[in-house]
Every structure is written in C-alpha cells, then in structure tokens.
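Shown next, in structure tokens, is the structure this report addresses.
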Amino acid sequence: MPFAFYGAVWKEKSEKSEIELRECYKAQAKLSEQLVEEVSECRNLKAQNQEKDNLINELQSQLLSARKKVEELQGCLEEKSSAFDLTASENLELRKQVAGLTSKLSSAEAENHMLIERWMLQKMQESERLNEANAMYEDMMNRFKASSIEESARQQVDGIVRQSELGLEDYVESSIPSATKHTVHAHEGGCHSLLFENNSDRLITGGQDMLVKLWDINSGTLISTLHGCLGAVLDLGVSGDNKFILGASSDHKLYLWDVQSGRIAHTLTGHSEKVCATDVSKLSNRKAVSAAYDRTIKVWDLHKGYVANTIICHSNCNSVSLTADGQHIYSGHVDGHLRFWDTRTGKLVNEVAAHVSGITSVTLSRNGQFVLTSGRDNLHNLFDVRSLEVCATFRAQGHRVANNWSRSCISADDNYVAAGSTDGTVYVWSRPSAAIMSTLKGHSTSVLACTWNNAGKPLVSADKNGYLHIWS
C-alpha cells in the first residue's frame with residue numbers, strides 16, 4: 001500500500017516533471033530562437049557599426065583634408081589680402097601722383113594756352129604789319145575795279161556783268177568740242193576736281209591720290225605737283241592772281257599752296273567733317289569760302305589763315321560758288337535747295353528748291369548773270385541770279401550724274417553747258433535752246449568733273465579712273 005501510494009505519487013510527480021521538462025524544452029527552444037535572433041541582430045548591429053566606423057573614418061579623413069584645404073585657403077587669403085593691401089596702398093599713392101600730375105598738367109595747359117595766345121597775337125601783329133602795304137594796295141585796286149565794274153554795269157545789263165576784273169578783255173567765242181586732243185592719266189584712284197587758272201592755259205587738278213597737279217593743256221604735259229595734303233582732294237580754288245591754290249580735302253582741312261614755291265602757306269582747320277567744296281574770290285586774293293559735311297559754310301581770310309565767319313546750314317552742302325566781289329555765296333545742298341548767302345552777315349538772302357534730289361554742282365557764269373546747278377535727279381538747271389528763277393533745264397536720255405560732287409560747267413561766252421555722265425559720255429548743250437549740241441565719247445568710266453577754259457577753249461573732263469580728256 002504504501003509502495004503503491006508512493007509509486008502513484010512518484011508517477012504523478014514524474015508526469016508533472018515531464019510536463020515541466022517539456023515546458024522547459026519549449027522555453028529553451030524559444031530562448032534559443034530568441035538567442036539566434038539576438039545573435040543575428042547583434043551581427044547586423046556590428047556590421048552597421050563597422051560601416052558607421054568606416055564612414056566615420058572616411059568622414060574624418062575628408063574633414064582632415066578639408067581642414068588642410070581650409071588652412072591652405074586661409075594662407076592664400078592672407079597672401080591675397082596682403083597683396084590687396086599693398087595694391088591699395090600703391091593705388092592710393094598713384095592716385096596722389098596722378099592728382100599732382102593733373103594739377104601740373106592743368107597749370108602747364110593754362111600756361112601753354114597763354115603762350116599760344118601771345119604767340120598768335122604776335123603772329124597776327126606781324127602778319128598785319130607785313131600785309132599792311134598789300135592791303136592798302138588791294139583796297140586801292142578794289143576801288144579802281146569797283147569803279148570799273150560800275151561803269152561796265154551801266155554799259156551792260158543791270159550792274160551784274162563784271163568784265164574787266166574777270167579778264168573778259170581776253171574773251172573769245174567758245175567753240176563746240178568734237179574730238180580728244182590729249183588723254184592724260186592724271187591721278188590714281190580718280191580725279192574729283194579740275195579748273196583753269198585765271199586767263200591762263202594752265203590746268204589744275206586734284207585727285208584721290210592726295211595730290212594737286214598743274215598741267216600744260218597745249219602739250220598735255222605735267223608742269224608741277226603739289227604735295228602735303230593728307231586726304232583726297234575733293235575741290236579746288238585759285239586766287240585771282242594765280243599765286244595760290246586752295247584745296248578742299250577729305251581729312252577735314254583745306255590746304256593753301258604757294259604756286260611758285262610749291263609749299264603749303266596755310267593749313268585751314270575748323271571743319272569737323274570732310275571738306276567737299278571751296279571757292280576763292282576773283283577780285284580779292286584773301287577771301288575764300290568752304291563747305292563740309294558738318295553742315296557749315298566757312299568764310300576764310302587767306303592772308304591770316306583764319307575763319308572770318310561761319311554759317312550754319314540746315315542741310316549738308318556739296319558745292320559753293322563765290323561771287324566775283326566775294327560778298328555773296330551760292331551753295332547747293334543735299335536737300336536739293338540752292339541758297340544765297342551774305343558773307344559779311346552770314347544771313348540767308350534767298351533760297352529756292354532747285355532739284356528734287358541733292359545738288360552736286362553750283363557754277364556762276366562768267367558774266368555773273370546765271371548760276372548753273374546739277375542734281376542727282378540728272379537735271380541741270382540754269383537760274384537767273386536776279387530772281388533765282390529757272391530760265392533753262394538741260395537733260396539727255398541716258399545721262400546720269402555720277403556722284404554727290406559731280407561738277408558741270410558753263411563755257412566762257414555763256415553759250416554752252418557741259419556735264420559728264422556715268423556711261424563715260426560728256427554732253428554739251430546750247431544754253432539758249434537747251435538742245436544737245438555734242439556727245440563726246442572717250443572715257444571708259446564715270447565722268448566726275450568738267451571745266452571750260454575762260455579763253456573759250458578747250459573743254460577738259462576727268463573721270464573716276466583719274467584720266468583727263470582735253471577736247472578740241
């Protein structure tokens with residue numbers, strides 16, 4: 001009994017122990033699973049820690065490199081700052097030096113200006129003393145010529161004709177040219193201007209090659225060459241005594257040459273653009289006029305080399321013609337207007353719309369009764385100077401004006417008008433009838449200028465290639 005009881009008790013305890021053991025095994029299994037998970041998690045954490053350590057090491061390496069760069073940049077910055085401070089100091093010193101030099105320059109310029117004014121005043125005084133005798137003689141001659149003009153005007157139309165002072169005592173009837181007498185290559189790059197000396201067979205030409213040349217038209221040979229111009233010679237004028245030649249240049253200046261010595265007597269400055277037109281009084285050797293593309297017309301005293309008057313224009317001027325007494329100017333403008341100015345006051349006396357396009361040439365007839373204009377509308381209009389009304393218009397089929405400074409001309413007896421064309425032809429019209437009298441062919445390119453000898457013949461034309469044709 002007791003054994004059976006204890007056996008049952010032990011059996012029951014054994015069963016309980018098995019149950020507990022199973023529970024323990026289950027708990028152990030759970031703990032093993034948890035341990036495996038913890039170990040796995042621990043390994044993951046270790047791997048992460050290792051990665052972070054590696055990242056930290058890499059970041060520390062980058063931080064060290066960045067610190068080194070920062071130190072280098074700081075060193076460079078210190079060097080640049082030192083250099084900047086040095087440069088600023090030098091710049092300040094230079095500014096002080098510049099200020100000092102500027103002050104010295106201002107003083108020097110003021111002193112120089114004062115010296116120049118004194119020199120110019122002295123030069124003017126010397127010039128006045130040197131020219132006093134000539135001026136007195138010229139005034140006497142002007143009075144004599146004025147009286148001759150008045151007498152001639154009574155005998156002629158209405159006080160306009162000025163024969164004696166313009167050399168009309170040597171006048172002969174002009175003839176219609178028909179053939180080339182001489183062909184001369186006068187200038188490289190084109191011949192823009194040509195005119196005869198007063199009552200002379202000597203021709204003056206100016207060209208793109210910056211030269212002015214004098215020619216014997218009877219033989220077609222070169223007499224002399226005038227140097228010194230620094231631009232293309234666009235127009236020419238000659239003094240009444242033929243001793244001086246005035247050239248208008250594209251370098252904004254005018255040059256006055258002494259014909260006998262070949263040297264420049266004066267360089268006339270004052271225009272700010274190319275000077276495209278000039279003329280000299282036939283009675284006074286000291287008065288001249290010029291026009292430039294700065295919208296001004298200037299009246300010059302050639303003895304002193306100074307501007308006597310400046311006229312402001314509404315439009316650029318391509319051509320000017322001074323009356324024989326030098327008291328009035330006819331000017332042709334880009335706007336197509338012909339204007340009449342008083343040189344003494346600079347005021348506009350009269351104005352007329354002469355062409356629908358720009359005027360290229362303005363020429364006074366030898367007797368002073370007519371003014372001839374040429375325009376880019378390919379027309380040539382003749383005006384009566386008393387009324388500025390058109391009394392004749394000259395045109396031709398196929399005739400084209402070459403450029404803004406194409407020059408036409410009137411014969412010495414005022415019976416013919418001549419002008420060149422882009423096709424190389426020179427047209428000659430009758431003034432009374434406006435009919436074409438002759439078409440002269442010989443040029444191979446555009447004809448830029450024509451001039452008629454005031455002795456009646458010959459007619460000379462110049463083209464874009466620099467060739468002259470002397471027609472007979």
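Letters for chains follow the order of the structure tokens (A, B, ...), residue numbers begin at 1 for each chain, and ligand numbers begin at 1 in the order shown.
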If you run DSSP on this backbone, which residues of range 171-322 of chain A come out as strand (DSSP E), and could you give them as number ranges by chain? A: 180-185, 191-196, 202-207, 212-216, 221-226, 233-238, 244-249, 254-258, 264-268, 275-280, 287-292, 296-301, 306-312, 317-322
I want to know what sits within 10 Å of range 431-434 of chain A, based on only C-alpha atoms, with residues of the same chain fewer than 6 positions away left out; could you give that as a list in words?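 Close residues of range 431-434 of chain A: Leu382, Cys391, Ala392, Thr393, Phe394, Arg395, Ile410, Ser411, Asp414, Asn415, Tyr416, Val417 and Ala418 of chain A.
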Tell me, in Å to one decimal, how far CA of Asp251 in chain A is from CA of Thr269 in chain A. 9.9 Å
Go through A:Ala248, A:Val238, A:Leu203, A:Ser357 and flag the residue nearest Ser224 in chain A, using only C-alpha atoms for the distances.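 Selected residue with least distance to Ser224 in chain A: A:Leu203.
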